[in-house]
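Everything below concerns the one structure shown next.
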Amino acid sequence: MLKLFLISKEEAFHICDKSQYQESTLGEKFKLRFRYLWCSTTRVYVNRNCKLTKTLKSSNLECLEHNERKLMEDRLNEQLKNQM
Amino acid sequence: MSNHHINPSRWIELYSDYLFNYTISRVNDREIAKDIIQDTFFAGLKSMKNFKGEASERTWLISILKRKIIDYYRKINSRKGQAEVRMTYNTDENEGDWLEERVEDEGYLNAQETLENTELGNAIYDCMDKLSERQATVFKMKTILNYETEAICNELNITASNLWVIIHRARTALAECMEKHWFKS
């Protein structure tokens, strides 16, 4: 029975990463919590990862969409060509 | 002797997101921010000869961008000012009311918060600069643009497990970098 909840460190990291994007299942979260209890490496990783997520959210970071960037690049290249 | 070189063909790849984040926090409008950045790049091209290489290319572009943002506000303020005089503050009785409205301006009160967010945003982008191009692209799509895993995989032609490996490496590198340059300061 216990074996069902035992996961490797790598698996725990993977679940933790997915959790940052709300993509882990309830079962996975449970397994991660179980490992979190006894594995210090997992605890360090989870705490650090959650801190990063919190920081990223509070920064309200913005970036360009792929198509916006492409359009900008095309215009710049055209201008560059005209200048040469 | 100059330490930095100019290479406009890599401006979009290297600086567009950084400049975009810088601009949008100051103008609060995606379309306007894009126009200002495009103008900045064009102005940069025109004044390439003036680049002495004493500052980095990014610093040089930021200095042009700052002037573009000021120009933008000058332009809208002169338009807005004229409209206010015509439409609202046209009697002697109302004179001075505009000052109180300015004091209550929520945007003004949030200026400090905006500044802190921009600084944090800049620190994150500085750390993102250290990621590989692939890692940065996937990370931005997943974390900032909030794309679905499947959409990213389709667009970049990678598998879901590839995506999670990339995300893991990017997050680990970013967390380390932020720890070093932001949380400790």
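Chains: A, B, ... in order of the structure tokens. Residues: from 1 per chain. Ligands: from 1, in order shown.
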
For chain A versus chain B, which residues have an atom no more than 12 Å away, and what is each residue's nearest atom pair and distance in Å rounded to one decimal, using only C-alpha atoms, chain-then-number order, as JSON lines?
{"residue": "A:Glu10", "atom": "CA", "partner": "B:His168", "partner_atom": "CA", "distance": 10.2}
{"residue": "A:Glu11", "atom": "CA", "partner": "B:Trp164", "partner_atom": "CA", "distance": 11.3}
{"residue": "A:Ala12", "atom": "CA", "partner": "B:His168", "partner_atom": "CA", "distance": 11.5}
{"residue": "A:Phe13", "atom": "CA", "partner": "B:His168", "partner_atom": "CA", "distance": 7.9}
{"residue": "A:His14", "atom": "CA", "partner": "B:Trp164", "partner_atom": "CA", "distance": 7.3}
{"residue": "A:Ile15", "atom": "CA", "partner": "B:Trp164", "partner_atom": "CA", "distance": 9.8}
{"residue": "A:Cys16", "atom": "CA", "partner": "B:His168", "partner_atom": "CA", "distance": 9.5}
{"residue": "A:Asp17", "atom": "CA", "partner": "B:His168", "partner_atom": "CA", "distance": 6.6}
{"residue": "A:Lys18", "atom": "CA", "partner": "B:Trp164", "partner_atom": "CA", "distance": 7.9}
{"residue": "A:Ser19", "atom": "CA", "partner": "B:Trp164", "partner_atom": "CA", "distance": 11.6}
{"residue": "A:Gln20", "atom": "CA", "partner": "B:Thr143", "partner_atom": "CA", "distance": 9.2}
{"residue": "A:Tyr21", "atom": "CA", "partner": "B:Thr143", "partner_atom": "CA", "distance": 7.8}
{"residue": "A:Gln22", "atom": "CA", "partner": "B:Glu148", "partner_atom": "CA", "distance": 10.9}
{"residue": "A:Glu23", "atom": "CA", "partner": "B:Thr149", "partner_atom": "CA", "distance": 9.2}
{"residue": "A:Val44", "atom": "CA", "partner": "B:Ala175", "partner_atom": "CA", "distance": 11.4}
{"residue": "A:Tyr45", "atom": "CA", "partner": "B:Thr172", "partner_atom": "CA", "distance": 8.6}
{"residue": "A:Val46", "atom": "CA", "partner": "B:Thr172", "partner_atom": "CA", "distance": 10.8}
{"residue": "A:Asn47", "atom": "CA", "partner": "B:Ala175", "partner_atom": "CA", "distance": 10.5}
{"residue": "A:Arg48", "atom": "CA", "partner": "B:Ala175", "partner_atom": "CA", "distance": 6.7}
{"residue": "A:Asn49", "atom": "CA", "partner": "B:Ala175", "partner_atom": "CA", "distance": 7.0}
{"residue": "A:Cys50", "atom": "CA", "partner": "B:Ala175", "partner_atom": "CA", "distance": 9.7}
{"residue": "A:Lys51", "atom": "CA", "partner": "B:Ala175", "partner_atom": "CA", "distance": 8.3}
{"residue": "A:Leu52", "atom": "CA", "partner": "B:Ala175", "partner_atom": "CA", "distance": 6.0}
{"residue": "A:Thr53", "atom": "CA", "partner": "B:Thr143", "partner_atom": "CA", "distance": 8.9}
{"residue": "A:Lys54", "atom": "CA", "partner": "B:Ala175", "partner_atom": "CA", "distance": 11.4}
{"residue": "A:Thr55", "atom": "CA", "partner": "B:Leu120", "partner_atom": "CA", "distance": 8.3}
{"residue": "A:Leu56", "atom": "CA", "partner": "B:Ile124", "partner_atom": "CA", "distance": 8.0}
{"residue": "A:Lys57", "atom": "CA", "partner": "B:Ile144", "partner_atom": "CA", "distance": 8.9}
{"residue": "A:Ser58", "atom": "CA", "partner": "B:Asn117", "partner_atom": "CA", "distance": 7.4}
{"residue": "A:Ser59", "atom": "CA", "partner": "B:Asn117", "partner_atom": "CA", "distance": 5.0}
{"residue": "A:Asn60", "atom": "CA", "partner": "B:Asn117", "partner_atom": "CA", "distance": 7.1}
{"residue": "A:Leu61", "atom": "CA", "partner": "B:Gly121", "partner_atom": "CA", "distance": 5.8}
{"residue": "A:Glu62", "atom": "CA", "partner": "B:Asn21", "partner_atom": "CA", "distance": 5.3}
{"residue": "A:Cys63", "atom": "CA", "partner": "B:Asp17", "partner_atom": "CA", "distance": 5.0}
{"residue": "A:Leu64", "atom": "CA", "partner": "B:Asp17", "partner_atom": "CA", "distance": 6.0}
{"residue": "A:Glu65", "atom": "CA", "partner": "B:Leu145", "partner_atom": "CA", "distance": 7.4}
{"residue": "A:His66", "atom": "CA", "partner": "B:Met141", "partner_atom": "CA", "distance": 8.8}
{"residue": "A:Asn67", "atom": "CA", "partner": "B:Glu155", "partner_atom": "CA", "distance": 11.7}
{"residue": "A:Glu68", "atom": "CA", "partner": "B:Lys34", "partner_atom": "CA", "distance": 8.3}
{"residue": "A:Arg69", "atom": "CA", "partner": "B:Ile12", "partner_atom": "CA", "distance": 7.0}
{"residue": "A:Lys70", "atom": "CA", "partner": "B:Ile12", "partner_atom": "CA", "distance": 8.6}
{"residue": "A:Leu71", "atom": "CA", "partner": "B:Gln38", "partner_atom": "CA", "distance": 9.9}
{"residue": "A:Met72", "atom": "CA", "partner": "B:Gln38", "partner_atom": "CA", "distance": 6.6}
{"residue": "A:Glu73", "atom": "CA", "partner": "B:Ile12", "partner_atom": "CA", "distance": 6.1}
{"residue": "A:Asp74", "atom": "CA", "partner": "B:Ile12", "partner_atom": "CA", "distance": 9.8}
{"residue": "A:Arg75", "atom": "CA", "partner": "B:Gln38", "partner_atom": "CA", "distance": 8.2}
{"residue": "A:Leu76", "atom": "CA", "partner": "B:Phe42", "partner_atom": "CA", "distance": 7.0}
{"residue": "A:Asn77", "atom": "CA", "partner": "B:Ser9", "partner_atom": "CA", "distance": 7.2}
{"residue": "A:Glu78", "atom": "CA", "partner": "B:Phe42", "partner_atom": "CA", "distance": 10.4}
{"residue": "A:Gln79", "atom": "CA", "partner": "B:Phe42", "partner_atom": "CA", "distance": 7.3}
{"residue": "A:Leu80", "atom": "CA", "partner": "B:Leu45", "partner_atom": "CA", "distance": 7.2}
{"residue": "A:Lys81", "atom": "CA", "partner": "B:Ser9", "partner_atom": "CA", "distance": 10.7}
{"residue": "A:Asn82", "atom": "CA", "partner": "B:Leu45", "partner_atom": "CA", "distance": 10.7}
{"residue": "A:Gln83", "atom": "CA", "partner": "B:Lys46", "partner_atom": "CA", "distance": 8.2}
{"residue": "A:Met84", "atom": "CA", "partner": "B:Leu45", "partner_atom": "CA", "distance": 10.5}

### Task
Find the residue from B:Ala151, B:Cys177, B:Leu163, B:Ala170 that sits nearest to B:Asp126; use only C-alpha atoms when measuring.
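The closest residue to B:Asp126 is B:Cys177.
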
### Task
Taking the chain letters and numbering used in this document, name the residues of stretch 111-142 of chain B that DSSP puts in alpha helix (DSSP H), as a PyMOL selection string.
chain B and resi 111-128+133-139

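Distance check against B:Asn50 using only C-alpha atoms: of B:Ile6, B:Ala160, B:Ala33, B:Leu14, the minimum falls on B:Ile6.
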
### Message
I'd like the interatomic distance between atom CA of B:Ala173 and atom CA of B:Glu133, to a tenth of an Å.
### Response
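These atoms are spaced 13.3 Å apart.
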
Can you tell me, as a PDB file with all heavy atoms, in the first residue's frame, what residues are no more than 10 Å from A:Arg33 when counting only C-alpha atoms, ignoring any on the same chain fewer than 2 positions away?
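Once written, out-v3.pdb looks like this:
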ATOM      1  N   PHE A   5       2.318   5.344  -2.747  1.00  0.00           N
ATOM      2  CA  PHE A   5       2.584   6.766  -2.498  1.00  0.00           C
ATOM      3  C   PHE A   5       4.053   7.143  -2.640  1.00  0.00           C
ATOM      4  O   PHE A   5       4.397   8.303  -2.533  1.00  0.00           O
ATOM      5  CB  PHE A   5       2.093   7.150  -1.094  1.00  0.00           C
ATOM      6  CG  PHE A   5       0.636   6.905  -0.901  1.00  0.00           C
ATOM      7  CD1 PHE A   5       0.200   5.924  -0.038  1.00  0.00           C
ATOM      8  CD2 PHE A   5      -0.291   7.645  -1.607  1.00  0.00           C
ATOM      9  CE1 PHE A   5      -1.144   5.690   0.138  1.00  0.00           C
ATOM     10  CE2 PHE A   5      -1.643   7.406  -1.448  1.00  0.00           C
ATOM     11  CZ  PHE A   5      -2.076   6.428  -0.574  1.00  0.00           C
ATOM     12  N   ALA A  12       8.889  13.828  -8.038  1.00  0.00           N
ATOM     13  CA  ALA A  12       8.375  14.862  -7.135  1.00  0.00           C
ATOM     14  C   ALA A  12       8.615  16.256  -7.730  1.00  0.00           C
ATOM     15  O   ALA A  12       7.716  17.111  -7.707  1.00  0.00           O
ATOM     16  CB  ALA A  12       9.065  14.747  -5.774  1.00  0.00           C
ATOM     17  N   CYS A  16       5.786  18.914  -8.849  1.00  0.00           N
ATOM     18  CA  CYS A  16       5.865  20.267  -8.293  1.00  0.00           C
ATOM     19  C   CYS A  16       5.829  21.310  -9.419  1.00  0.00           C
ATOM     20  O   CYS A  16       5.118  22.311  -9.322  1.00  0.00           O
ATOM     21  CB  CYS A  16       7.148  20.407  -7.477  1.00  0.00           C
ATOM     22  SG  CYS A  16       7.387  22.048  -6.817  1.00  0.00           S
ATOM     23  N   GLY A  27      -4.136  13.087  -6.930  1.00  0.00           N
ATOM     24  CA  GLY A  27      -3.305  11.944  -6.535  1.00  0.00           C
ATOM     25  C   GLY A  27      -1.826  12.309  -6.544  1.00  0.00           C
ATOM     26  O   GLY A  27      -1.077  11.965  -5.618  1.00  0.00           O
ATOM     27  N   GLU A  28      -1.407  13.033  -7.586  1.00  0.00           N
ATOM     28  CA  GLU A  28      -0.009  13.457  -7.692  1.00  0.00           C
ATOM     29  C   GLU A  28       0.359  14.401  -6.552  1.00  0.00           C
ATOM     30  O   GLU A  28       1.433  14.287  -5.962  1.00  0.00           O
ATOM     31  CB  GLU A  28       0.220  14.149  -9.047  1.00  0.00           C
ATOM     32  CG  GLU A  28       0.268  13.177 -10.218  1.00  0.00           C
ATOM     33  CD  GLU A  28       0.381  13.891 -11.559  1.00  0.00           C
ATOM     34  OE1 GLU A  28      -0.145  15.009 -11.686  1.00  0.00           O
ATOM     35  OE2 GLU A  28       0.975  13.310 -12.483  1.00  0.00           O
ATOM     36  N   LYS A  29      -0.566  15.301  -6.254  1.00  0.00           N
ATOM     37  CA  LYS A  29      -0.311  16.260  -5.166  1.00  0.00           C
ATOM     38  C   LYS A  29      -0.139  15.525  -3.834  1.00  0.00           C
ATOM     39  O   LYS A  29       0.703  15.885  -3.024  1.00  0.00           O
ATOM     40  CB  LYS A  29      -1.493  17.231  -5.049  1.00  0.00           C
ATOM     41  CG  LYS A  29      -1.402  18.392  -6.004  1.00  0.00           C
ATOM     42  CD  LYS A  29      -2.590  19.295  -5.805  1.00  0.00           C
ATOM     43  CE  LYS A  29      -2.803  20.152  -7.030  1.00  0.00           C
ATOM     44  NZ  LYS A  29      -4.129  20.718  -7.087  1.00  0.00           N
ATOM     45  N   PHE A  30      -0.933  14.501  -3.654  1.00  0.00           N
ATOM     46  CA  PHE A  30      -0.864  13.719  -2.427  1.00  0.00           C
ATOM     47  C   PHE A  30       0.500  13.029  -2.310  1.00  0.00           C
ATOM     48  O   PHE A  30       1.148  13.058  -1.259  1.00  0.00           O
ATOM     49  CB  PHE A  30      -2.002  12.694  -2.404  1.00  0.00           C
ATOM     50  CG  PHE A  30      -2.176  12.044  -1.071  1.00  0.00           C
ATOM     51  CD1 PHE A  30      -2.838  12.701  -0.032  1.00  0.00           C
ATOM     52  CD2 PHE A  30      -1.658  10.777  -0.839  1.00  0.00           C
ATOM     53  CE1 PHE A  30      -2.973  12.111   1.205  1.00  0.00           C
ATOM     54  CE2 PHE A  30      -1.790  10.174   0.403  1.00  0.00           C
ATOM     55  CZ  PHE A  30      -2.455  10.845   1.435  1.00  0.00           C
ATOM     56  N   LYS A  31       0.936  12.443  -3.434  1.00  0.00           N
ATOM     57  CA  LYS A  31       2.238  11.765  -3.454  1.00  0.00           C
ATOM     58  C   LYS A  31       3.373  12.754  -3.156  1.00  0.00           C
ATOM     59  O   LYS A  31       4.316  12.444  -2.440  1.00  0.00           O
ATOM     60  CB  LYS A  31       2.474  11.120  -4.821  1.00  0.00           C
ATOM     61  CG  LYS A  31       1.646   9.876  -5.053  1.00  0.00           C
ATOM     62  CD  LYS A  31       1.875   9.380  -6.461  1.00  0.00           C
ATOM     63  CE  LYS A  31       0.945   8.234  -6.807  1.00  0.00           C
ATOM     64  NZ  LYS A  31       1.014   7.871  -8.224  1.00  0.00           N
ATOM     65  N   ARG A  35       6.097  12.794   0.038  1.00  0.00           N
ATOM     66  CA  ARG A  35       7.557  12.862  -0.095  1.00  0.00           C
ATOM     67  C   ARG A  35       8.103  14.118   0.603  1.00  0.00           C
ATOM     68  O   ARG A  35       9.190  14.095   1.190  1.00  0.00           O
ATOM     69  CB  ARG A  35       7.959  12.841  -1.575  1.00  0.00           C
ATOM     70  CG  ARG A  35       9.447  12.766  -1.715  1.00  0.00           C
ATOM     71  CD  ARG A  35      10.036  12.404  -3.004  1.00  0.00           C
ATOM     72  NE  ARG A  35      11.472  12.408  -2.818  1.00  0.00           N
ATOM     73  CZ  ARG A  35      12.254  11.357  -2.898  1.00  0.00           C
ATOM     74  NH1 ARG A  35      11.750  10.188  -3.205  1.00  0.00           N
ATOM     75  NH2 ARG A  35      13.543  11.452  -2.698  1.00  0.00           N
ATOM     76  N   TYR A  36       7.348  15.180   0.509  1.00  0.00           N
ATOM     77  CA  TYR A  36       7.733  16.454   1.130  1.00  0.00           C
ATOM     78  C   TYR A  36       7.985  16.275   2.634  1.00  0.00           C
ATOM     79  O   TYR A  36       8.870  16.900   3.216  1.00  0.00           O
ATOM     80  CB  TYR A  36       6.605  17.467   0.891  1.00  0.00           C
ATOM     81  CG  TYR A  36       6.855  18.858   1.398  1.00  0.00           C
ATOM     82  CD1 TYR A  36       7.435  19.826   0.577  1.00  0.00           C
ATOM     83  CD2 TYR A  36       6.492  19.243   2.688  1.00  0.00           C
ATOM     84  CE1 TYR A  36       7.651  21.120   1.026  1.00  0.00           C
ATOM     85  CE2 TYR A  36       6.712  20.529   3.154  1.00  0.00           C
ATOM     86  CZ  TYR A  36       7.283  21.464   2.316  1.00  0.00           C
ATOM     87  OH  TYR A  36       7.506  22.746   2.770  1.00  0.00           O
ATOM     88  N   LEU A  37       7.212  15.377   3.234  1.00  0.00           N
ATOM     89  CA  LEU A  37       7.313  15.159   4.681  1.00  0.00           C
ATOM     90  C   LEU A  37       8.663  14.608   5.128  1.00  0.00           C
ATOM     91  O   LEU A  37       9.184  14.980   6.165  1.00  0.00           O
ATOM     92  CB  LEU A  37       6.203  14.208   5.151  1.00  0.00           C
ATOM     93  CG  LEU A  37       4.772  14.742   5.118  1.00  0.00           C
ATOM     94  CD1 LEU A  37       3.800  13.631   5.483  1.00  0.00           C
ATOM     95  CD2 LEU A  37       4.622  15.913   6.085  1.00  0.00           C
ATOM     96  N   TRP A  38       9.208  13.716   4.313  1.00  0.00           N
ATOM     97  CA  TRP A  38      10.443  13.071   4.779  1.00  0.00           C
ATOM     98  C   TRP A  38      11.697  13.394   3.954  1.00  0.00           C
ATOM     99  O   TRP A  38      12.803  13.056   4.364  1.00  0.00           O
ATOM    100  CB  TRP A  38      10.252  11.546   4.861  1.00  0.00           C
ATOM    101  CG  TRP A  38       9.883  10.898   3.541  1.00  0.00           C
ATOM    102  CD1 TRP A  38       8.629  10.669   3.077  1.00  0.00           C
ATOM    103  CD2 TRP A  38      10.785  10.401   2.548  1.00  0.00           C
ATOM    104  NE1 TRP A  38       8.672  10.073   1.849  1.00  0.00           N
ATOM    105  CE2 TRP A  38       9.987   9.888   1.504  1.00  0.00           C
ATOM    106  CE3 TRP A  38      12.175  10.338   2.419  1.00  0.00           C
ATOM    107  CZ2 TRP A  38      10.536   9.327   0.347  1.00  0.00           C
ATOM    108  CZ3 TRP A  38      12.711   9.773   1.266  1.00  0.00           C
ATOM    109  CH2 TRP A  38      11.899   9.284   0.257  1.00  0.00           C
ATOM    110  N   CYS A  39      11.531  14.058   2.788  1.00  0.00           N
ATOM    111  CA  CYS A  39      12.720  14.325   1.945  1.00  0.00           C
ATOM    112  C   CYS A  39      13.079  15.811   1.975  1.00  0.00           C
ATOM    113  O   CYS A  39      12.321  16.664   1.496  1.00  0.00           O
ATOM    114  CB  CYS A  39      12.434  13.874   0.515  1.00  0.00           C
ATOM    115  SG  CYS A  39      13.736  14.319  -0.632  1.00  0.00           S
ATOM    116  N   THR A  42      13.434  17.500  -1.532  1.00  0.00           N
ATOM    117  CA  THR A  42      12.125  17.846  -2.104  1.00  0.00           C
ATOM    118  C   THR A  42      11.589  19.112  -1.453  1.00  0.00           C
ATOM    119  O   THR A  42      11.059  19.998  -2.130  1.00  0.00           O
ATOM    120  CB  THR A  42      11.123  16.678  -1.914  1.00  0.00           C
ATOM    121  OG1 THR A  42      11.671  15.519  -2.524  1.00  0.00           O
ATOM    122  CG2 THR A  42       9.766  16.982  -2.521  1.00  0.00           C
ATOM    123  N   ARG A  43      11.759  19.205  -0.144  1.00  0.00           N
ATOM    124  CA  ARG A  43      11.273  20.392   0.573  1.00  0.00           C
ATOM    125  C   ARG A  43      11.946  21.662   0.051  1.00  0.00           C
ATOM    126  O   ARG A  43      11.290  22.660  -0.207  1.00  0.00           O
ATOM    127  CB  ARG A  43      11.537  20.254   2.079  1.00  0.00           C
ATOM    128  CG  ARG A  43      10.398  19.581   2.823  1.00  0.00           C
ATOM    129  CD  ARG A  43      10.433  19.915   4.301  1.00  0.00           C
ATOM    130  NE  ARG A  43      11.658  19.480   4.948  1.00  0.00           N
ATOM    131  CZ  ARG A  43      11.881  18.250   5.407  1.00  0.00           C
ATOM    132  NH1 ARG A  43      10.933  17.330   5.284  1.00  0.00           N
ATOM    133  NH2 ARG A  43      13.016  17.923   5.968  1.00  0.00           N
ATOM    134  N   VAL A  46      10.563  22.371  -3.524  1.00  0.00           N
ATOM    135  CA  VAL A  46       9.167  22.849  -3.504  1.00  0.00           C
ATOM    136  C   VAL A  46       9.097  24.291  -2.990  1.00  0.00           C
ATOM    137  O   VAL A  46       8.455  25.148  -3.603  1.00  0.00           O
ATOM    138  CB  VAL A  46       8.273  21.905  -2.648  1.00  0.00           C
ATOM    139  CG1 VAL A  46       6.904  22.522  -2.399  1.00  0.00           C
ATOM    140  CG2 VAL A  46       8.116  20.546  -3.328  1.00  0.00           C
TER     141      VAL A  46
END
